[in-house]
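> So here's work_1.txt (compact mmCIF, C-alpha atoms).
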```
# COMPACT_ATOMS: atom_id res chain seq x y z
CA MET A 12 87.55 90.87 109.99
CA SER A 13 87.49 91.98 106.38
CA THR A 14 86.87 89.27 103.80
CA HIS A 15 86.73 91.72 100.90
CA PRO A 16 87.78 90.00 97.63
CA LEU A 17 90.60 92.51 97.03
CA TYR A 18 91.94 91.93 100.55
CA ARG A 19 91.92 88.18 99.95
CA GLN A 20 93.64 88.82 96.62
CA ALA A 21 96.38 90.84 98.31
CA LEU A 22 96.93 88.15 100.94
CA ALA A 23 97.02 85.45 98.24
CA ALA A 24 99.63 87.46 96.31
CA PHE A 25 101.70 87.76 99.49
CA GLN A 26 101.45 84.00 100.09
CA ASP A 27 102.49 83.23 96.51
CA LEU A 28 105.55 85.46 96.81
CA PHE A 29 106.38 84.05 100.25
CA ASP A 30 106.27 80.54 98.79
CA GLU A 31 108.51 81.67 95.92
CA ALA A 32 110.96 83.11 98.47
CA LEU A 33 111.07 79.74 100.25
CA ALA A 34 111.64 77.92 96.97
CA ALA A 35 114.29 80.42 95.88
CA GLY A 36 116.36 79.76 98.99
CA GLU A 37 116.02 83.15 100.65
CA PRO A 38 118.03 82.98 103.91
CA ASP A 39 114.89 83.71 105.96
CA PRO A 40 111.71 84.72 104.16
CA THR A 41 110.07 85.52 107.51
CA ALA A 42 112.53 88.36 108.18
CA MET A 43 110.80 91.73 108.01
CA VAL A 44 111.61 95.28 109.01
CA VAL A 45 109.16 96.70 111.55
CA ALA A 46 108.93 100.48 111.70
CA THR A 47 107.32 102.13 114.72
CA ALA A 48 107.06 105.70 115.93
CA THR A 49 106.70 107.54 119.19
CA PRO A 50 103.58 109.66 119.78
CA ASP A 51 105.59 112.69 118.62
CA ALA A 52 106.43 110.88 115.34
CA ARG A 53 110.06 109.93 115.94
CA PRO A 54 110.52 106.72 113.90
CA SER A 55 112.62 103.64 114.55
CA ALA A 56 113.04 100.39 112.62
CA ARG A 57 114.46 96.94 113.20
CA THR A 58 114.27 93.44 111.69
CA VAL A 59 112.11 90.83 113.39
CA LEU A 60 110.60 87.50 112.29
CA LEU A 61 107.05 86.95 111.07
CA LYS A 62 105.48 84.21 113.18
CA ALA A 63 101.93 84.07 111.79
CA HIS A 64 99.84 85.63 109.05
CA ASP A 65 96.23 85.22 108.03
CA GLU A 66 93.20 87.42 107.37
CA ARG A 67 93.57 88.90 110.86
CA GLY A 68 97.03 90.31 110.06
CA PHE A 69 100.78 89.77 110.46
CA VAL A 70 102.16 88.71 113.86
CA PHE A 71 105.53 89.01 115.59
CA TYR A 72 106.52 88.60 119.25
CA THR A 73 108.51 90.77 121.61
CA HIS A 74 108.73 92.27 125.09
CA MET A 75 106.13 94.94 125.74
CA ASP A 76 108.73 96.90 127.71
CA GLY A 77 111.34 96.99 124.94
CA ARG A 78 111.54 100.04 122.71
CA LYS A 79 109.27 98.73 119.95
CA GLY A 80 106.81 97.37 122.50
CA ARG A 81 106.61 100.70 124.30
CA GLU A 82 106.21 102.60 121.05
CA LEU A 83 103.49 100.26 119.80
CA LEU A 84 101.55 100.54 123.03
CA ALA A 85 101.78 104.34 122.94
CA ASN A 86 101.19 104.67 119.19
CA PRO A 87 99.55 101.49 117.85
CA HIS A 88 100.50 101.81 114.20
CA ALA A 89 103.33 100.11 112.31
CA ALA A 90 104.81 99.50 108.89
CA LEU A 91 106.34 96.21 107.77
CA LEU A 92 108.77 95.59 104.92
CA PHE A 93 109.71 92.25 103.39
CA HIS A 94 112.56 92.17 100.86
CA TRP A 95 113.19 88.99 98.88
CA SER A 96 116.11 89.63 96.54
CA ARG A 97 116.10 86.11 95.04
CA VAL A 98 112.49 86.25 93.85
CA ARG A 99 112.12 87.29 90.21
CA HIS A 100 114.09 90.56 89.83
CA GLY A 101 113.66 91.30 93.53
CA VAL A 102 110.42 91.76 95.42
CA GLN A 103 109.36 94.01 98.26
CA VAL A 104 106.08 93.79 100.15
CA ARG A 105 105.05 96.74 102.31
CA VAL A 106 102.30 96.50 104.93
CA GLU A 107 100.91 99.41 106.96
CA GLY A 108 98.21 99.30 109.57
CA LYS A 109 96.97 99.47 113.11
CA VAL A 110 98.46 97.21 115.75
CA GLU A 111 96.79 95.09 118.40
CA CYS A 112 98.07 92.57 120.93
CA VAL A 113 97.36 88.92 120.25
CA SER A 114 95.29 87.01 122.79
CA ASP A 115 96.97 85.46 125.82
CA ALA A 116 96.06 82.03 124.44
CA GLU A 117 97.86 82.77 121.14
CA ALA A 118 100.92 84.14 122.93
CA ASP A 119 101.03 81.15 125.30
CA ALA A 120 100.72 78.70 122.42
CA TYR A 121 103.53 80.30 120.44
CA PHE A 122 105.79 80.70 123.49
CA ALA A 123 105.42 76.97 124.19
CA THR A 124 106.96 76.19 120.76
CA ARG A 125 110.16 78.15 121.40
CA PRO A 126 113.35 76.33 122.40
CA ARG A 127 113.77 76.21 126.17
CA VAL A 128 116.86 78.44 126.11
CA SER A 129 114.91 81.06 124.15
CA GLN A 130 112.11 80.83 126.71
CA LEU A 131 114.61 81.37 129.53
CA GLY A 132 116.17 84.24 127.61
CA ALA A 133 112.81 86.00 127.53
CA TRP A 134 112.83 85.96 131.34
CA ALA A 135 116.48 86.98 131.61
CA SER A 136 116.33 89.91 129.19
CA LEU A 137 115.38 93.43 130.21
CA GLN A 138 114.93 94.25 126.54
CA SER A 139 116.35 97.57 125.34
CA GLN A 140 117.63 98.52 128.81
CA THR A 141 121.32 99.22 129.41
CA LEU A 142 123.37 96.05 130.00
CA GLU A 143 126.47 96.61 132.13
CA SER A 144 128.28 93.54 130.76
CA ARG A 145 127.57 90.26 129.02
CA GLU A 146 128.39 88.52 132.29
CA VAL A 147 125.40 90.20 133.94
CA PHE A 148 123.09 88.78 131.27
CA ASP A 149 124.68 85.34 131.58
CA GLU A 150 124.07 85.48 135.33
CA ARG A 151 120.42 86.41 134.79
CA LEU A 152 120.06 83.52 132.33
CA ALA A 153 121.60 81.10 134.81
CA ALA A 154 119.23 82.37 137.50
CA ALA A 155 116.27 81.74 135.21
CA GLU A 156 117.55 78.22 134.57
CA ARG A 157 117.62 77.60 138.32
CA ASP A 158 114.20 79.15 138.88
CA PHE A 159 112.52 76.92 136.30
CA ALA A 160 114.61 73.79 136.75
CA GLY A 161 112.56 70.66 136.19
CA ARG A 162 109.39 72.44 135.07
CA THR A 163 107.81 74.11 132.07
CA VAL A 164 108.88 77.69 131.45
CA PRO A 165 105.78 79.93 131.43
CA ARG A 166 105.42 82.97 129.22
CA PRO A 167 106.61 86.17 130.93
CA PRO A 168 103.58 88.41 131.60
CA ARG A 169 105.05 91.33 129.61
CA TRP A 170 106.10 89.20 126.62
CA THR A 171 103.49 88.90 123.88
CA GLY A 172 102.65 89.16 120.22
CA PHE A 173 101.66 92.18 118.19
CA ARG A 174 99.41 91.86 115.15
CA VAL A 175 99.60 94.42 112.35
CA VAL A 176 96.12 94.68 110.83
CA PRO A 177 96.66 95.90 107.26
CA ASP A 178 95.23 99.11 105.88
CA VAL A 179 97.77 99.12 103.03
CA ILE A 180 99.56 96.28 101.24
CA GLU A 181 101.94 97.22 98.44
CA ILE A 182 103.65 94.66 96.23
CA TRP A 183 106.76 95.94 94.47
CA CYS A 184 108.32 93.77 91.77
CA GLY A 185 111.70 94.78 90.43
CA ALA A 186 112.43 95.05 86.71
CA GLU A 187 115.38 95.89 84.50
CA PHE A 188 116.26 99.56 84.01
CA ARG A 189 114.30 100.39 87.19
CA LEU A 190 111.00 99.97 85.35
CA HIS A 191 109.45 98.34 88.40
CA GLU A 192 105.85 97.22 88.86
CA ARG A 193 103.93 98.42 91.90
CA ASP A 194 100.45 97.39 92.96
CA VAL A 195 98.88 98.81 96.10
CA TYR A 196 95.79 97.60 97.95
CA GLU A 197 94.21 100.08 100.38
CA ARG A 198 91.36 100.00 102.88
CA ASP A 199 89.33 103.17 103.40
CA ALA A 200 87.60 104.35 106.56
CA SER A 201 84.47 102.36 105.74
CA GLY A 202 86.45 99.13 105.44
CA ALA A 203 86.21 98.88 101.66
CA TRP A 204 89.35 97.85 99.74
CA SER A 205 90.60 99.25 96.44
CA GLN A 206 93.54 98.45 94.17
CA ARG A 207 95.63 100.68 91.97
CA MET A 208 98.98 100.69 90.21
CA LEU A 209 101.76 103.15 91.08
CA TYR A 210 104.45 104.61 88.88
CA PRO A 211 107.87 103.05 89.57
```
I'd like the structure from this file rewritten - as structure tokens, please.

Amino acid sequence: MSTHPLYRQALAAFQDLFDEALAAGEPDPTAMVVATATPDARPSARTVLLKAHDERGFVFYTHMDGRKGRELLANPHAALLFHWSRVRHGVQVRVEGKVECVSDAEADAYFATRPRVSQLGAWASLQSQTLESREVFDERLAAAERDFAGRTVPRPPRWTGFRVVPDVIEIWCGAEFRLHERDVYERDASGAWSQRMLYP
């Protein structure tokens, strides 16, 4: 894993802004848009929650058989977007990079922290598939409750975490009159990081 000083600087800047978002009372600073694409470059985006971040990358969890899971397995690249409107004059952080699955041990450890109903919901949901009625889902949830009554709910085998390993981190700070400040950190093919400013 890269420990290049500029990469550490970018991650430290992210952490500082994340802490500011917490202090500013953002409704959920972990909320981020995840953009994926099919192998033929048809994009899709949705909001998920950041569950871990460190020098290895940014992690979220989902079903591998849902739309984003299928797209990430077929085309393991993603873009993330954080938007914290209450920080300074508004801040966005963009992350782009390759995607890898977290280890089974990491996925098991995180799954164990979820509320039991959320754990059961992961078994009941056929994510992104057509649902005939809410009653059908409620029945599947009740069936999962019966199946795991009186015991720990294990992680479904096709439910896991994806880690976005950054190649690009851009920090966008809003300013009056749209005179924004943009700093971008980029990793090249050799693994070396560079930093530059962008016009607003």
> Rounded to one decimal place, report the CA of Asp194 (chain A)-CA of Glu181 (chain A) distance in Å.
5.7 Å
> (107.2, 96.0, 92.2) in this file's frame - what residues fall within 7 Å of it? Use all atoms listed in the file and give the answer as JSON, numbers by chain.
{"A": [102, 103, 182, 183, 184, 185, 191, 192, 193, 194]}
> Using all atoms listed in the file for the distances, tell me which of A:Phe188, A:Phe173, A:Val179, A:Ala46 is nearest to Asp115 (chain A).
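Of A:Phe188, A:Phe173, A:Val179, A:Ala46, the one nearest Asp115 (chain A) is A:Phe173, counting all atoms listed in the file.
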> Between A:Phe29, A:Gln138, A:Glu156, A:Arg169, which residue has the minimum interatomic distance to His64 (chain A), considering all atoms listed in the file?
A:Phe29
> Any idea what the distance is between CA of Ala52 (chain A) and CA of Leu91 (chain A)?
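Between these atoms lies a distance of 16.5 Å.
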> Quick one: residues within 10 Å of Val110 (chain A), all atoms listed in the file, excluding same-chain residues fewer than 2 positions away - as a list in words?
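The neighbour list is Gly68, Phe69, Val70, Leu83, Leu84, Asn86, Pro87, His88, Ala89, Ala90, Glu107, Gly108, Cys112, Val113, Phe173, Arg174, Val175, Val176 and Pro177 of chain A.
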> Residues of the last selection are to be written out with C-alpha atoms, as a PDB file, keeping the file's coordinate frame.

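Printed below is again-v4.pdb as written:
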```
ATOM      1  CA  GLY A  68      97.030  90.310 110.060  1.00  0.00           C
ATOM      2  CA  PHE A  69     100.780  89.770 110.460  1.00  0.00           C
ATOM      3  CA  VAL A  70     102.160  88.710 113.860  1.00  0.00           C
ATOM      4  CA  LEU A  83     103.490 100.260 119.800  1.00  0.00           C
ATOM      5  CA  LEU A  84     101.550 100.540 123.030  1.00  0.00           C
ATOM      6  CA  ASN A  86     101.190 104.670 119.190  1.00  0.00           C
ATOM      7  CA  PRO A  87      99.550 101.490 117.850  1.00  0.00           C
ATOM      8  CA  HIS A  88     100.500 101.810 114.200  1.00  0.00           C
ATOM      9  CA  ALA A  89     103.330 100.110 112.310  1.00  0.00           C
ATOM     10  CA  ALA A  90     104.810  99.500 108.890  1.00  0.00           C
ATOM     11  CA  GLU A 107     100.910  99.410 106.960  1.00  0.00           C
ATOM     12  CA  GLY A 108      98.210  99.300 109.570  1.00  0.00           C
ATOM     13  CA  CYS A 112      98.070  92.570 120.930  1.00  0.00           C
ATOM     14  CA  VAL A 113      97.360  88.920 120.250  1.00  0.00           C
ATOM     15  CA  PHE A 173     101.660  92.180 118.190  1.00  0.00           C
ATOM     16  CA  ARG A 174      99.410  91.860 115.150  1.00  0.00           C
ATOM     17  CA  VAL A 175      99.600  94.420 112.350  1.00  0.00           C
ATOM     18  CA  VAL A 176      96.120  94.680 110.830  1.00  0.00           C
ATOM     19  CA  PRO A 177      96.660  95.900 107.260  1.00  0.00           C
TER      20      PRO A 177
END
```
> One decimal, in Å: what's the spacing between CA of Lys62 (chain A) and CA of Gly202 (chain A)?
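Separation between CA of Lys62 (chain A) and CA of Gly202 (chain A): 25.4 Å.
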> Identify which of the residues A:Ala116, A:Ser129, A:Glu111, A:Ala135 lies closest to Arg157 (chain A), counting all atoms listed in the file when measuring atom-to-atom distances.
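For Arg157 (chain A), the nearest of the candidates is A:Ala135.
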> Counting all atoms listed in the file, which of A:Tyr210, A:Phe71, A:Phe93, A:Phe159 gets nearest to Arg105 (chain A)?
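Ranked by minimum distance to Arg105 (chain A), first place goes to A:Phe93.
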> Let me make sure I understand: among A:Ser96, A:Thr49, A:Thr14, A:Ala120, which one has the smallest atom-to-atom distance to Ala63 (chain A) if we use all atoms listed in the file?
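Answer, going by the shortest atom-to-atom distance: A:Ala120.
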> Pull the neighbourhood of (120.2, 80.8, 126.8) for me: all residues within 12 Å in file coordinates, counting all atoms listed in the file, as number ranges by chain.
A: 125-136, 148-156
